[in-house]
Amino acid sequence: MPRRSRALVLASTLALGLSACGSGSTDGGADAEGSADLQVVASFYPVQYLVERVAGEHAEVSSLTAPGVDPHSLELSPRDVGSLGDADLVVYSAGMQAAVDDAVESQVDDTALDVAPAADLLSVSETEEEHAGHSEEGDEDREHEGDEGHEGHDHGSEDPHFWLDPERYGHVVEAIADRLVEVDPDHAADYEANAASVVEDLDALDADFEQGLADCTSRDLVTTHEAFGYLAERYDLHQMGITGISPEAEPSAARLAEISSQVEELGVTTIYAEPILTNAIARTVAQETGTRVLTLDPLGGITEESAGEDYLEVMRANLEALSDGLGCS
Ligand SMILES: [Zn+2]
């Protein structure tokens with residue numbers, strides 16, 4: 001059922017958003033009839049959000065990843081795969097979702113846009129160097145232990161979570177706008193203006209993070225899956241993931257013991273869990289170490305559990321949770 005109706009709901013939500021901001025005149029009736037010019041398929045929420053904002057009323061955008069589904073473990077039906085061939089544009093990030101990469105390869109030729117190059121992804125080994133660098137400050141064994149914690153990656157060699165760094169995310173906005181201008185030059189001015197407005201929002205968000213995380217008691221960020229590497233890098237935090245880059249990987253008893261002792265040594269007060277994954281692991285570590293659990297949302301999708309209605313709102317909720325848990329003033 002839902003792909004089409006979901007897209008329509010999204011389209012009309014977007015229409016409301018646009019008129020509320022006074023940018024762009026939207027004919028809600030046209031959207032409700034699904035007569036937007038372009039049919040665009042996005043692979044998952046962070047990409048969908050940008051396409052919706054940049055395309056505005058000129059596209060009907062659907063997402064391959066339903067809200068509440070962990071984007072990492074997405075599976076596609078034959079119908080989903082078939083829908084890619086009909087779209088005017090498919091926007092995805094190679095290396096994030098294996099099912100999407102395969103579907104794009106088999107169904108889509110020149111109508112696909114891979115945003116990963118614009119996001120300037122870092123290899124996971126660069127993230128590990130980061131860990132090693134930090135380990136000198138405290139536990140001399142952490143460099144070695146960090147390697148163990150990274151077993152079980154299934155993403156390939158690059159960290160795919162670029163959208164959690166507003167600056168990297170902003171580069172993706174520009175790539176999407178450029179492609180929309182190419183596909184639909186008649187509305188080039190709208191795409192460029194919309195992109196500029198998103199980049200402005202992301203700059204403001206970045207400034208808020210910069211300021212909000214400038215002065216904190218702790219810079220050690222303990223998460224379940226390591227989605228926040230780019231965010232940590234940008235705001236000078238040190239991420240320690242309990243399960244590594246891949247959320248499905250089950251941490252070993254040894255890894256849990258190791259992270260618990262790091263938490264105690266570093267005086268960490270807060271373990272960060274995620275809304276759509278099971279929080280059992282975070283709770284186990286918190287119980288063992290007498291710390292508390294707060295939510296940090298990696299923005300795989302917006303659901304009723306989300307702390308906001310869209311990317312910007314949830315990121316601001318994330319900033320509050322970070323500021324609270326890390327003791328920032
Ligand atoms: Zn992830």
# chains A, B, ... in the order shown; residues from 1 in each chain; ligands from 1

call {"tool": "residues_near_ligand", "arguments": {"ligand": "ligand 1", "cutoff": "9 Å", "atoms": "only C-alpha atoms and all ligand atoms", "output": "PyMOL selection string"}}
result
chain A and resi 70-72+96+159-161+225-228+245-247+298+300

call {"tool": "write_last_selection", "arguments": {"atoms": "C-alpha atoms", "output": "PDB file, in the first residue's frame"}}
result
ATOM      1  CA  ASP A  70      16.660   0.555  10.522  1.00  0.00           C
ATOM      2  CA  PRO A  71      18.086   1.839   7.229  1.00  0.00           C
ATOM      3  CA  HIS A  72      21.163  -0.377   7.567  1.00  0.00           C
ATOM      4  CA  MET A  96      24.991   2.790   3.208  1.00  0.00           C
ATOM      5  CA  ASP A 159      31.674   5.479   7.494  1.00  0.00           C
ATOM      6  CA  PRO A 160      28.307   6.259   5.827  1.00  0.00           C
ATOM      7  CA  HIS A 161      26.809   8.534   8.532  1.00  0.00           C
ATOM      8  CA  HIS A 225      26.319   1.896  17.232  1.00  0.00           C
ATOM      9  CA  GLU A 226      28.975   4.243  15.971  1.00  0.00           C
ATOM     10  CA  ALA A 227      26.804   6.590  13.949  1.00  0.00           C
ATOM     11  CA  PHE A 228      28.290   9.778  15.333  1.00  0.00           C
ATOM     12  CA  ILE A 245      29.599   0.937  12.963  1.00  0.00           C
ATOM     13  CA  SER A 246      26.998  -1.705  12.259  1.00  0.00           C
ATOM     14  CA  PRO A 247      23.993  -1.653  14.595  1.00  0.00           C
ATOM     15  CA  PRO A 298      20.982   8.945  14.306  1.00  0.00           C
ATOM     16  CA  GLY A 300      17.421   6.938  10.248  1.00  0.00           C
TER      17      GLY A 300
END

call {"tool": "select_by_dssp", "arguments": {"residues": "segment 231-328 of chain A", "states": "alpha helix (DSSP H)", "output": "short mmCIF file (atom, residue, chain, number, x, y, z; two decimals) with N, CA and C atoms, in the first residue's frame"}}
result
data_model
loop_
_atom_site.label_atom_id
_atom_site.label_comp_id
_atom_site.auth_asym_id
_atom_site.auth_seq_id
_atom_site.Cartn_x
_atom_site.Cartn_y
_atom_site.Cartn_z
N LEU A 231 30.07 13.62 13.47
CA LEU A 231 29.65 14.65 14.43
C LEU A 231 30.74 14.83 15.48
N ALA A 232 31.26 13.71 15.98
CA ALA A 232 32.30 13.78 17.00
C ALA A 232 33.53 14.49 16.45
N GLU A 233 33.88 14.15 15.21
CA GLU A 233 35.05 14.77 14.62
C GLU A 233 34.87 16.29 14.49
N ARG A 234 33.69 16.68 14.06
CA ARG A 234 33.47 18.11 13.82
C ARG A 234 33.47 18.93 15.11
N ALA A 253 30.66 -10.29 25.44
CA ALA A 253 30.73 -10.02 26.89
C ALA A 253 32.02 -9.26 27.20
N ALA A 254 33.09 -9.64 26.48
CA ALA A 254 34.37 -8.97 26.71
C ALA A 254 34.28 -7.49 26.34
N ARG A 255 33.62 -7.21 25.22
CA ARG A 255 33.48 -5.82 24.78
C ARG A 255 32.65 -5.02 25.80
N LEU A 256 31.60 -5.63 26.33
CA LEU A 256 30.77 -4.94 27.32
C LEU A 256 31.58 -4.64 28.58
N ALA A 257 32.37 -5.59 29.00
CA ALA A 257 33.20 -5.39 30.20
C ALA A 257 34.20 -4.27 29.96
N GLU A 258 34.77 -4.28 28.76
CA GLU A 258 35.79 -3.31 28.40
C GLU A 258 35.20 -1.90 28.35
N ILE A 259 34.02 -1.77 27.73
CA ILE A 259 33.42 -0.44 27.65
C ILE A 259 33.02 0.03 29.05
N SER A 260 32.56 -0.89 29.87
CA SER A 260 32.17 -0.51 31.24
C SER A 260 33.37 0.02 32.01
N SER A 261 34.52 -0.60 31.84
CA SER A 261 35.67 -0.12 32.60
C SER A 261 36.14 1.23 32.03
N GLN A 262 36.01 1.42 30.72
CA GLN A 262 36.36 2.74 30.14
C GLN A 262 35.42 3.82 30.68
N VAL A 263 34.15 3.49 30.75
CA VAL A 263 33.16 4.45 31.26
C VAL A 263 33.53 4.88 32.67
N GLU A 264 33.92 3.90 33.47
CA GLU A 264 34.27 4.23 34.86
C GLU A 264 35.56 5.05 34.93
N GLU A 265 36.56 4.63 34.19
CA GLU A 265 37.84 5.35 34.21
C GLU A 265 37.70 6.78 33.77
N LEU A 266 36.89 7.00 32.73
CA LEU A 266 36.78 8.35 32.15
C LEU A 266 35.75 9.21 32.87
N ALA A 280 18.58 -2.34 25.05
CA ALA A 280 19.03 -3.27 26.09
C ALA A 280 20.53 -3.14 26.35
N ILE A 281 21.29 -2.97 25.28
CA ILE A 281 22.74 -2.92 25.44
C ILE A 281 23.16 -1.68 26.22
N ALA A 282 22.56 -0.55 25.85
CA ALA A 282 22.88 0.69 26.56
C ALA A 282 22.47 0.57 28.03
N ARG A 283 21.32 -0.04 28.26
CA ARG A 283 20.85 -0.17 29.65
C ARG A 283 21.76 -1.09 30.46
N THR A 284 22.22 -2.15 29.84
CA THR A 284 23.13 -3.06 30.53
C THR A 284 24.38 -2.32 30.99
N VAL A 285 24.97 -1.55 30.07
CA VAL A 285 26.19 -0.82 30.41
C VAL A 285 25.90 0.22 31.48
N ALA A 286 24.76 0.91 31.35
CA ALA A 286 24.41 1.95 32.31
C ALA A 286 24.22 1.35 33.70
N GLN A 287 23.56 0.20 33.76
CA GLN A 287 23.31 -0.44 35.05
C GLN A 287 24.63 -0.84 35.71
N GLU A 288 25.49 -1.41 34.88
CA GLU A 288 26.76 -1.89 35.40
C GLU A 288 27.63 -0.75 35.92
N THR A 289 27.50 0.43 35.31
CA THR A 289 28.42 1.52 35.64
C THR A 289 27.75 2.62 36.44
N TYR A 311 14.57 16.72 10.35
CA TYR A 311 16.01 16.67 10.62
C TYR A 311 16.46 17.77 11.57
N LEU A 312 16.08 19.00 11.27
CA LEU A 312 16.59 20.12 12.07
C LEU A 312 16.11 20.03 13.51
N GLU A 313 14.85 19.70 13.71
CA GLU A 313 14.32 19.62 15.07
C GLU A 313 14.98 18.48 15.86
N VAL A 314 15.15 17.34 15.20
CA VAL A 314 15.75 16.20 15.91
C VAL A 314 17.22 16.49 16.22
N MET A 315 17.91 17.15 15.30
CA MET A 315 19.31 17.51 15.58
C MET A 315 19.40 18.47 16.76
N ARG A 316 18.46 19.39 16.88
CA ARG A 316 18.49 20.30 18.03
C ARG A 316 18.20 19.54 19.32
N ALA A 317 17.31 18.53 19.24
CA ALA A 317 17.08 17.68 20.41
C ALA A 317 18.35 16.89 20.75
N ASN A 318 19.06 16.44 19.72
CA ASN A 318 20.34 15.76 19.95
C ASN A 318 21.33 16.67 20.66
N LEU A 319 21.37 17.92 20.23
CA LEU A 319 22.28 18.88 20.86
C LEU A 319 21.95 19.05 22.34
N GLU A 320 20.66 19.13 22.65
CA GLU A 320 20.27 19.24 24.05
C GLU A 320 20.71 18.02 24.85
N ALA A 321 20.51 16.84 24.25
CA ALA A 321 20.89 15.61 24.95
C ALA A 321 22.40 15.56 25.17
N LEU A 322 23.16 16.02 24.17
CA LEU A 322 24.62 16.03 24.31
C LEU A 322 25.05 17.01 25.39
N SER A 323 24.46 18.18 25.33
CA SER A 323 24.82 19.21 26.29
C SER A 323 24.52 18.76 27.71
N ASP A 324 23.38 18.09 27.87
CA ASP A 324 22.98 17.56 29.16
C ASP A 324 23.95 16.45 29.62
N GLY A 325 24.17 15.48 28.77
CA GLY A 325 24.95 14.31 29.15
C GLY A 325 26.44 14.57 29.30
#

call {"tool": "select_by_dssp", "arguments": {"residues": "segment 53-267 of chain A", "states": "strand (DSSP E)", "output": "PyMOL selection string"}}
result
chain A and resi 59-63+89-92+112-114+220-225+238-244

call {"tool": "residues_around", "arguments": {"residues": "Ile302 of chain A", "least_positions_apart": "2", "cutoff": "9 Å", "atoms": "only C-alpha atoms", "output": "PyMOL selection string"}}
result
chain A and resi 45+67-68+299-300+304-311+314

call {"tool": "closest_residue", "arguments": {"among": "A:Ala207, A:Ala119, A:Gln48, A:Leu164", "to": "Leu296 of chain A", "atoms": "only C-alpha atoms"}}
result
A:Leu164

call {"tool": "closest_residue", "arguments": {"among": "A:Val41, A:Ala59, A:Leu221, A:Ser123", "to": "Ser83 of chain A", "atoms": "only C-alpha atoms"}}
result
A:Val41

call {"tool": "decode", "arguments": {"residues": "segment 162-176 of chain A", "atoms": "all heavy atoms", "output": "tab-separated table (two decimals), in the first residue's frame"}}
result
chain	number	residue	atom	x	y	z
A	162	PHE	N	27.23	10.48	7.13
A	162	PHE	CA	27.65	11.86	6.85
A	162	PHE	C	26.64	12.91	7.33
A	162	PHE	O	27.00	14.04	7.66
A	162	PHE	CB	27.87	12.04	5.35
A	162	PHE	CG	26.62	11.84	4.52
A	162	PHE	CD1	25.73	12.88	4.32
A	162	PHE	CD2	26.32	10.60	3.97
A	162	PHE	CE1	24.56	12.69	3.59
A	162	PHE	CE2	25.16	10.39	3.24
A	162	PHE	CZ	24.28	11.45	3.06
A	163	TRP	N	25.34	12.56	7.36
A	163	TRP	CA	24.30	13.56	7.63
A	163	TRP	C	24.33	14.08	9.07
A	163	TRP	O	23.68	15.06	9.39
A	163	TRP	CB	22.92	12.99	7.30
A	163	TRP	CG	22.57	11.76	8.10
A	163	TRP	CD1	21.86	11.73	9.27
A	163	TRP	CD2	22.93	10.41	7.81
A	163	TRP	NE1	21.77	10.43	9.72
A	163	TRP	CE2	22.40	9.60	8.85
A	163	TRP	CE3	23.64	9.79	6.78
A	163	TRP	CZ2	22.57	8.21	8.88
A	163	TRP	CZ3	23.81	8.42	6.81
A	163	TRP	CH2	23.28	7.64	7.84
A	164	LEU	N	25.07	13.40	9.93
A	164	LEU	CA	25.13	13.86	11.32
A	164	LEU	C	26.19	14.94	11.52
A	164	LEU	O	26.36	15.44	12.63
A	164	LEU	CB	25.32	12.65	12.26
A	164	LEU	CG	24.09	11.72	12.19
A	164	LEU	CD1	24.38	10.34	12.74
A	164	LEU	CD2	22.90	12.34	12.90
A	165	ASP	N	26.85	15.32	10.44
A	165	ASP	CA	27.72	16.50	10.43
A	165	ASP	C	27.06	17.53	9.50
A	165	ASP	O	27.01	17.31	8.29
A	165	ASP	CB	29.12	16.11	9.94
A	165	ASP	CG	30.01	17.32	9.62
A	165	ASP	OD1	29.52	18.48	9.70
A	165	ASP	OD2	31.18	17.10	9.28
A	166	PRO	N	26.55	18.63	10.04
A	166	PRO	CA	25.81	19.58	9.20
A	166	PRO	C	26.62	20.10	8.01
A	166	PRO	O	26.04	20.43	6.97
A	166	PRO	CB	25.47	20.73	10.16
A	166	PRO	CG	25.53	20.13	11.52
A	166	PRO	CD	26.56	19.03	11.46
A	167	GLU	N	27.93	20.16	8.13
A	167	GLU	CA	28.71	20.69	7.02
A	167	GLU	C	28.78	19.70	5.86
A	167	GLU	O	28.56	20.05	4.70
A	167	GLU	CB	30.12	21.07	7.48
A	167	GLU	CG	30.68	22.14	6.59
A	167	GLU	CD	32.19	22.09	6.46
A	167	GLU	OE1	32.80	21.12	6.96
A	167	GLU	OE2	32.73	23.00	5.84
A	168	ARG	N	29.08	18.44	6.19
A	168	ARG	CA	29.06	17.41	5.14
A	168	ARG	C	27.67	17.32	4.49
A	168	ARG	O	27.54	17.14	3.29
A	168	ARG	CB	29.40	16.04	5.73
A	168	ARG	CG	30.84	15.82	5.96
A	168	ARG	CD	31.12	14.33	6.19
A	168	ARG	NE	32.52	14.07	5.94
A	168	ARG	CZ	33.50	14.43	6.76
A	168	ARG	NH1	33.23	15.03	7.89
A	168	ARG	NH2	34.76	14.17	6.45
A	169	TYR	N	26.66	17.42	5.33
A	169	TYR	CA	25.28	17.34	4.84
A	169	TYR	C	25.00	18.49	3.87
A	169	TYR	O	24.32	18.32	2.86
A	169	TYR	CB	24.36	17.40	6.06
A	169	TYR	CG	22.95	16.88	5.89
A	169	TYR	CD1	22.68	15.71	5.19
A	169	TYR	CD2	21.87	17.56	6.47
A	169	TYR	CE1	21.38	15.23	5.08
A	169	TYR	CE2	20.57	17.08	6.37
A	169	TYR	CZ	20.33	15.91	5.67
A	169	TYR	OH	19.05	15.45	5.57
A	170	GLY	N	25.55	19.65	4.17
A	170	GLY	CA	25.38	20.82	3.30
A	170	GLY	C	25.99	20.62	1.92
A	170	GLY	O	25.45	21.09	0.92
A	171	HIS	N	27.10	19.89	1.86
A	171	HIS	CA	27.70	19.62	0.55
A	171	HIS	C	26.78	18.74	-0.29
A	171	HIS	O	26.74	18.86	-1.52
A	171	HIS	CB	29.07	18.96	0.71
A	171	HIS	CG	30.07	19.88	1.36
A	171	HIS	ND1	31.18	19.41	2.01
A	171	HIS	CD2	30.10	21.23	1.47
A	171	HIS	CE1	31.86	20.46	2.49
A	171	HIS	NE2	31.22	21.55	2.18
A	172	VAL	N	26.06	17.86	0.40
A	172	VAL	CA	25.11	16.99	-0.31
A	172	VAL	C	23.94	17.81	-0.88
A	172	VAL	O	23.45	17.53	-1.97
A	172	VAL	CB	24.64	15.86	0.62
A	172	VAL	CG1	23.49	15.08	0.01
A	172	VAL	CG2	25.81	14.92	0.94
A	173	VAL	N	23.53	18.83	-0.16
A	173	VAL	CA	22.47	19.72	-0.66
A	173	VAL	C	22.85	20.25	-2.03
A	173	VAL	O	22.05	20.27	-2.96
A	173	VAL	CB	22.26	20.92	0.30
A	173	VAL	CG1	21.28	21.93	-0.29
A	173	VAL	CG2	21.79	20.46	1.67
A	174	GLU	N	24.10	20.69	-2.14
A	174	GLU	CA	24.52	21.28	-3.40
A	174	GLU	C	24.54	20.26	-4.54
A	174	GLU	O	24.14	20.56	-5.66
A	174	GLU	CB	25.89	21.94	-3.23
A	174	GLU	CG	25.74	23.28	-2.50
A	174	GLU	CD	26.96	23.70	-1.68
A	174	GLU	OE1	28.08	23.22	-1.98
A	174	GLU	OE2	26.78	24.51	-0.74
A	175	ALA	N	24.95	19.03	-4.22
A	175	ALA	CA	24.96	17.98	-5.25
A	175	ALA	C	23.53	17.69	-5.73
A	175	ALA	O	23.29	17.49	-6.92
A	175	ALA	CB	25.61	16.72	-4.69
A	176	ILE	N	22.59	17.67	-4.79
A	176	ILE	CA	21.19	17.40	-5.15
A	176	ILE	C	20.63	18.54	-6.00
A	176	ILE	O	19.97	18.32	-7.01
A	176	ILE	CB	20.35	17.18	-3.87
A	176	ILE	CG1	20.74	15.84	-3.23
A	176	ILE	CG2	18.85	17.21	-4.20
A	176	ILE	CD1	20.12	15.61	-1.85
